[in-house]
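A.B. asks: This is the structure I want to talk about, given as C-alpha cells.
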Amino acid sequence: MTEAFSRALLTTLARSDINAVAEIDVRTAVVNALVEIENHLEFGRLLESRGYTEDLRGCRKVYVDRPDWQGKPRFRRVYWCSPDERQPRTARILAFGPASIVSGIQDRCRSLQRRSRNRRAVASGEPKR
Amino acid sequence: MQEVGVLVVEKYHQPVAYLSSIEVFDELLESADRHARLLRELPLALSLLATAIKVGVSSDAAIGALLRGHDEADVLNLVDLAELVDSAIEDRDMSVLAAARMEQPDVGDMSLGDFAAELGLDITQVRADVAAGTPRAKYDR
C-alpha cells in the first residue's frame with residue numbers, strides 16, 4: 001500500500017485547484033482519477049508542446065468529471081511522470097482546473113452546420129437532423 | 001440553342017437553358033445549395049485555419065481536419081477543425097502552467113492517501129471501487 005501511495009503526489013497549488021471545486025462528486029471523481037493514474041502512470045495523454053514552451057516531456061493530461069455528467073468532461077488535470085517518461089516511477093500532479101474556455105467554437109460550428117442541413121432538409125422535404 | 005427537354009430555364013424572360021428532366025433540375029438546385037453553404041462556411045473555416053496555424057497546428061493537420069470524412073451533407077468539417085484548435089489552445093495554456101509549476105519545490109507535495117483523507121474520502125474504498133470498475137468518474141484522454 002505504501003508503495004502505491006508514493007506513486008501519485010500532489011503539489012500545493014494542484015491541491016488548492018482541486019479544493020476550489022465546490023461539487024463533491026467532482027472531487028470524488030478527481031481522487032478516482034488519481035487512483036487510475038497511480039495504477040497506470042501513463043493513463044493520461046501526452047501533452048503536445050508544439051514548440052511554444054520549454055521541455056515538457058513526461059507531462060500528461062486527463063479530462064475528468066463526475067460519472068453522470070453528459071458531454072465532454074469539464075475539468076482537466078496535468079501531471080508529470082518523473083524521473084523519466086520512459087521509466088516513470090511517480091506522477092506529480094501539477095494542475096487542475098476547468099477545461100477549454102474556447103470549446104464554444106465547436107458548439108458554434110456544430111450549430112452552423114446543423115442549421116445549414118436543416119435549411120436544406122426543409123427545402124427538400126426531408127426530416128430534420 | 002436546341003429546344004429539347006421538359007424544362008425551360010429563363011433569365012429576363014429569355015430562355016437560357018433547356019433541361020432534359022426534373023432530376024437534372026434537382027441536381028442543379030442541390031449543387032447551388034452546396035455552393036451557398038460553402039460560401040457561408042468559408043469565412044469561419046478561414047478564421048479557424050488562421051487560428052490553428054497561430055497556435056502551432058501544422059497546415060497539413062489543419063487542412064486534414066477540415067476535409068476529414070465529413071458528413072456527406074456538409075461541405076467542410078468545421079467541427080473537427082474547431083476541436084483541433086481547441087485542443088491546441090488548451091495544450092498551449094496547460095504547457096505554460098505546467099512549465100511554471102514544474103519549477104515549484106516538492107517539499108509541500110502530498111501523497112494521494114493523505115489528500116483523500118483531507119477531502120474526507122476513504123482511499124481504501126476508492127481503490128476498491130476503481131479495482132471493481134465502479135464508475136465514479138468520467139474520463140476523456
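We name chains A, B, ... following the order of the C-alpha cells; residues begin at 1 in each chain, and ligands are numbered from 1 as shown.
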Quick check: residues of chain B within 6 Å of chain A, only C-alpha atoms, returned as a PDB file with N, CA and C atoms, in the first residue's frame.

C.D. replies:
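To be explicit, this is the file written out as iface.pdb:
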```
ATOM      1  N   GLY B  56       0.104  26.785 -33.489  1.00  0.00           N
ATOM      2  CA  GLY B  56       1.111  25.752 -33.680  1.00  0.00           C
ATOM      3  C   GLY B  56       0.663  24.474 -34.360  1.00  0.00           C
ATOM      4  N   LEU B  78     -16.068  21.621 -40.185  1.00  0.00           N
ATOM      5  CA  LEU B  78     -15.703  22.710 -39.269  1.00  0.00           C
ATOM      6  C   LEU B  78     -15.536  22.204 -37.844  1.00  0.00           C
ATOM      7  N   VAL B  79     -16.337  21.218 -37.473  1.00  0.00           N
ATOM      8  CA  VAL B  79     -16.315  20.745 -36.081  1.00  0.00           C
ATOM      9  C   VAL B  79     -14.967  20.098 -35.743  1.00  0.00           C
ATOM     10  N   ALA B  82     -12.382  22.805 -35.478  1.00  0.00           N
ATOM     11  CA  ALA B  82     -12.571  23.560 -34.231  1.00  0.00           C
ATOM     12  C   ALA B  82     -12.044  22.768 -33.041  1.00  0.00           C
ATOM     13  N   GLU B  90      -5.695  24.722 -25.688  1.00  0.00           N
ATOM     14  CA  GLU B  90      -5.657  24.203 -24.322  1.00  0.00           C
ATOM     15  C   GLU B  90      -4.276  23.641 -23.988  1.00  0.00           C
ATOM     16  N   GLY B 108       6.315  20.620  -0.361  1.00  0.00           N
ATOM     17  CA  GLY B 108       4.926  20.639   0.107  1.00  0.00           C
ATOM     18  C   GLY B 108       4.054  19.576  -0.553  1.00  0.00           C
ATOM     19  N   ASP B 109       4.642  18.720  -1.373  1.00  0.00           N
ATOM     20  CA  ASP B 109       3.848  17.702  -2.071  1.00  0.00           C
ATOM     21  C   ASP B 109       3.193  16.737  -1.076  1.00  0.00           C
ATOM     22  N   MET B 110       2.005  16.301  -1.430  1.00  0.00           N
ATOM     23  CA  MET B 110       1.251  15.414  -0.534  1.00  0.00           C
ATOM     24  C   MET B 110       0.888  14.119  -1.263  1.00  0.00           C
ATOM     25  N   SER B 111       0.891  13.011  -0.527  1.00  0.00           N
ATOM     26  CA  SER B 111       0.538  11.730  -1.166  1.00  0.00           C
ATOM     27  C   SER B 111      -0.974  11.681  -1.404  1.00  0.00           C
ATOM     28  N   LEU B 112      -1.362  10.802  -2.303  1.00  0.00           N
ATOM     29  CA  LEU B 112      -2.783  10.657  -2.626  1.00  0.00           C
ATOM     30  C   LEU B 112      -3.597  10.249  -1.393  1.00  0.00           C
ATOM     31  N   ARG B 136     -17.051   6.011 -10.908  1.00  0.00           N
ATOM     32  CA  ARG B 136     -17.185   7.181 -10.026  1.00  0.00           C
ATOM     33  C   ARG B 136     -16.591   8.411 -10.693  1.00  0.00           C
ATOM     34  N   ALA B 137     -16.214   8.235 -11.960  1.00  0.00           N
ATOM     35  CA  ALA B 137     -15.663   9.364 -12.710  1.00  0.00           C
ATOM     36  C   ALA B 137     -15.840   9.110 -14.198  1.00  0.00           C
ATOM     37  N   LYS B 138     -15.903  10.209 -14.935  1.00  0.00           N
ATOM     38  CA  LYS B 138     -15.968  10.116 -16.388  1.00  0.00           C
ATOM     39  C   LYS B 138     -14.659  10.690 -16.914  1.00  0.00           C
ATOM     40  N   TYR B 139     -14.023   9.975 -17.856  1.00  0.00           N
ATOM     41  CA  TYR B 139     -12.721  10.419 -18.361  1.00  0.00           C
ATOM     42  C   TYR B 139     -12.755  10.693 -19.852  1.00  0.00           C
ATOM     43  N   ASP B 140     -11.804  11.465 -20.243  1.00  0.00           N
ATOM     44  CA  ASP B 140     -11.531  11.657 -21.662  1.00  0.00           C
ATOM     45  C   ASP B 140     -10.042  11.916 -21.747  1.00  0.00           C
ATOM     46  N   ARG B 141      -9.355  11.215 -22.654  1.00  0.00           N
ATOM     47  CA  ARG B 141      -7.892  11.390 -22.710  1.00  0.00           C
ATOM     48  C   ARG B 141      -7.442  11.854 -24.058  1.00  0.00           C
TER      49      ARG B 141
END
```

A.B. asks: What separation in Å, quoted to one decimal, exists between atom CA of B:Val8 and atom CA of A:Asn118?

C.D. replies: 28.9 Å

A.B. asks: Would you list the contacts of stretch 57-66 of chain B as JSON, numbers by chain, taking every protein, DNA or RNA residue within 12 Å and counting only C-alpha atoms, but skipping same-chain residues closer than 5 positions in sequence?

C.D. replies: {"A": [48, 49, 50, 51, 52, 109], "B": [41, 42, 44, 45, 46, 47, 48, 49, 50, 51, 52, 71, 74, 75, 76, 77, 78, 79, 80, 81, 82, 83, 84, 85, 86, 87, 88, 89, 91, 92]}

A.B. asks: If you run DSSP on the backbone, which residues of chain B are alpha helix (DSSP H), as a PyMOL selection string?

C.D. replies: chain B and resi 22-54+59-67+78-102+112-118+123-132

A.B. asks: Hey, can you spit out that residue selection with C-alpha atoms as a PDB file, in the first residue's frame?

C.D. replies:
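See part_30.pdb below for the written result:
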```
ATOM      1  CA  ILE B  22     -36.776  17.279 -63.380  1.00  0.00           C
ATOM      2  CA  GLU B  23     -33.904  15.223 -61.869  1.00  0.00           C
ATOM      3  CA  VAL B  24     -31.384  17.433 -63.626  1.00  0.00           C
ATOM      4  CA  PHE B  25     -33.144  20.445 -62.168  1.00  0.00           C
ATOM      5  CA  ASP B  26     -32.944  18.873 -58.662  1.00  0.00           C
ATOM      6  CA  GLU B  27     -29.236  18.194 -59.116  1.00  0.00           C
ATOM      7  CA  LEU B  28     -28.664  21.792 -60.109  1.00  0.00           C
ATOM      8  CA  LEU B  29     -30.561  23.005 -57.055  1.00  0.00           C
ATOM      9  CA  GLU B  30     -28.545  20.718 -54.791  1.00  0.00           C
ATOM     10  CA  SER B  31     -25.316  21.887 -56.326  1.00  0.00           C
ATOM     11  CA  ALA B  32     -26.352  25.527 -55.850  1.00  0.00           C
ATOM     12  CA  ASP B  33     -27.258  24.755 -52.254  1.00  0.00           C
ATOM     13  CA  ARG B  34     -23.819  23.216 -51.597  1.00  0.00           C
ATOM     14  CA  HIS B  35     -22.131  26.238 -53.095  1.00  0.00           C
ATOM     15  CA  ALA B  36     -24.239  28.576 -50.978  1.00  0.00           C
ATOM     16  CA  ARG B  37     -23.337  26.644 -47.839  1.00  0.00           C
ATOM     17  CA  LEU B  38     -19.681  26.607 -48.787  1.00  0.00           C
ATOM     18  CA  LEU B  39     -19.777  30.392 -49.125  1.00  0.00           C
ATOM     19  CA  ARG B  40     -21.464  30.726 -45.745  1.00  0.00           C
ATOM     20  CA  GLU B  41     -18.956  28.425 -44.003  1.00  0.00           C
ATOM     21  CA  LEU B  42     -15.810  29.635 -45.738  1.00  0.00           C
ATOM     22  CA  PRO B  43     -15.207  32.750 -43.585  1.00  0.00           C
ATOM     23  CA  LEU B  44     -15.372  30.668 -40.400  1.00  0.00           C
ATOM     24  CA  ALA B  45     -13.156  27.977 -41.938  1.00  0.00           C
ATOM     25  CA  LEU B  46     -10.550  30.572 -42.908  1.00  0.00           C
ATOM     26  CA  SER B  47     -10.633  32.120 -39.461  1.00  0.00           C
ATOM     27  CA  LEU B  48     -10.236  28.686 -37.838  1.00  0.00           C
ATOM     28  CA  LEU B  49      -7.362  27.812 -40.181  1.00  0.00           C
ATOM     29  CA  ALA B  50      -5.562  31.064 -39.315  1.00  0.00           C
ATOM     30  CA  THR B  51      -6.034  30.389 -35.586  1.00  0.00           C
ATOM     31  CA  ALA B  52      -4.851  26.803 -35.988  1.00  0.00           C
ATOM     32  CA  ILE B  53      -1.599  27.924 -37.629  1.00  0.00           C
ATOM     33  CA  LYS B  54      -1.138  30.633 -34.978  1.00  0.00           C
ATOM     34  CA  SER B  59      -1.066  23.298 -42.049  1.00  0.00           C
ATOM     35  CA  ASP B  60      -1.318  19.635 -43.103  1.00  0.00           C
ATOM     36  CA  ALA B  61      -3.093  18.690 -39.885  1.00  0.00           C
ATOM     37  CA  ALA B  62      -5.444  21.681 -40.108  1.00  0.00           C
ATOM     38  CA  ILE B  63      -6.421  21.070 -43.733  1.00  0.00           C
ATOM     39  CA  GLY B  64      -6.675  17.356 -42.999  1.00  0.00           C
ATOM     40  CA  ALA B  65      -9.152  18.017 -40.186  1.00  0.00           C
ATOM     41  CA  LEU B  66     -11.175  20.397 -42.342  1.00  0.00           C
ATOM     42  CA  LEU B  67     -11.597  17.806 -45.080  1.00  0.00           C
ATOM     43  CA  LEU B  78     -15.703  22.710 -39.269  1.00  0.00           C
ATOM     44  CA  VAL B  79     -16.315  20.745 -36.081  1.00  0.00           C
ATOM     45  CA  ASP B  80     -13.168  18.616 -36.383  1.00  0.00           C
ATOM     46  CA  LEU B  81     -11.063  21.666 -37.168  1.00  0.00           C
ATOM     47  CA  ALA B  82     -12.571  23.560 -34.231  1.00  0.00           C
ATOM     48  CA  GLU B  83     -11.773  20.614 -31.985  1.00  0.00           C
ATOM     49  CA  LEU B  84      -8.168  20.629 -33.169  1.00  0.00           C
ATOM     50  CA  VAL B  85      -7.899  24.369 -32.494  1.00  0.00           C
ATOM     51  CA  ASP B  86      -9.500  23.944 -29.082  1.00  0.00           C
ATOM     52  CA  SER B  87      -7.098  21.192 -28.163  1.00  0.00           C
ATOM     53  CA  ALA B  88      -4.069  23.166 -29.370  1.00  0.00           C
ATOM     54  CA  ILE B  89      -5.089  26.271 -27.404  1.00  0.00           C
ATOM     55  CA  GLU B  90      -5.657  24.203 -24.322  1.00  0.00           C
ATOM     56  CA  ASP B  91      -2.342  22.390 -24.708  1.00  0.00           C
ATOM     57  CA  ARG B  92      -0.616  25.736 -25.037  1.00  0.00           C
ATOM     58  CA  ASP B  93      -2.244  27.111 -21.879  1.00  0.00           C
ATOM     59  CA  MET B  94      -1.583  23.930 -19.949  1.00  0.00           C
ATOM     60  CA  SER B  95       2.022  23.801 -21.142  1.00  0.00           C
ATOM     61  CA  VAL B  96       2.669  27.296 -19.819  1.00  0.00           C
ATOM     62  CA  LEU B  97       1.060  26.414 -16.490  1.00  0.00           C
ATOM     63  CA  ALA B  98       2.850  23.062 -16.231  1.00  0.00           C
ATOM     64  CA  ALA B  99       6.227  24.601 -17.072  1.00  0.00           C
ATOM     65  CA  ALA B 100       5.776  27.169 -14.294  1.00  0.00           C
ATOM     66  CA  ARG B 101       4.619  24.617 -11.749  1.00  0.00           C
ATOM     67  CA  MET B 102       7.346  22.106 -12.501  1.00  0.00           C
ATOM     68  CA  LEU B 112      -2.783  10.657  -2.626  1.00  0.00           C
ATOM     69  CA  GLY B 113      -3.764   8.869   0.593  1.00  0.00           C
ATOM     70  CA  ASP B 114      -3.226  11.982   2.680  1.00  0.00           C
ATOM     71  CA  PHE B 115      -5.056  14.165   0.182  1.00  0.00           C
ATOM     72  CA  ALA B 116      -8.053  11.807   0.047  1.00  0.00           C
ATOM     73  CA  ALA B 117      -8.197  11.880   3.852  1.00  0.00           C
ATOM     74  CA  GLU B 118      -8.103  15.697   3.729  1.00  0.00           C
ATOM     75  CA  ILE B 123      -8.897   5.921  -0.088  1.00  0.00           C
ATOM     76  CA  THR B 124      -9.166   2.174   0.558  1.00  0.00           C
ATOM     77  CA  GLN B 125     -12.787   2.304  -0.571  1.00  0.00           C
ATOM     78  CA  VAL B 126     -11.921   4.403  -3.648  1.00  0.00           C
ATOM     79  CA  ARG B 127      -9.163   1.951  -4.592  1.00  0.00           C
ATOM     80  CA  ALA B 128     -11.607  -0.943  -4.176  1.00  0.00           C
ATOM     81  CA  ASP B 129     -14.173   0.869  -6.365  1.00  0.00           C
ATOM     82  CA  VAL B 130     -11.600   1.501  -9.073  1.00  0.00           C
ATOM     83  CA  ALA B 131     -10.437  -2.133  -8.926  1.00  0.00           C
ATOM     84  CA  ALA B 132     -14.064  -3.276  -9.210  1.00  0.00           C
TER      85      ALA B 132
END
```

A.B. asks: What is the distance between atom CA of A:Leu41 and atom CA of A:Arg57, in Å to one decimal?

C.D. replies: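 It comes out at 13.8 Å.
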
A.B. asks: Please report the interatomic distance between atom CA of B:Leu121 and atom CA of A:Gly58 in Å with one decimal.

C.D. replies: 28.6 Å
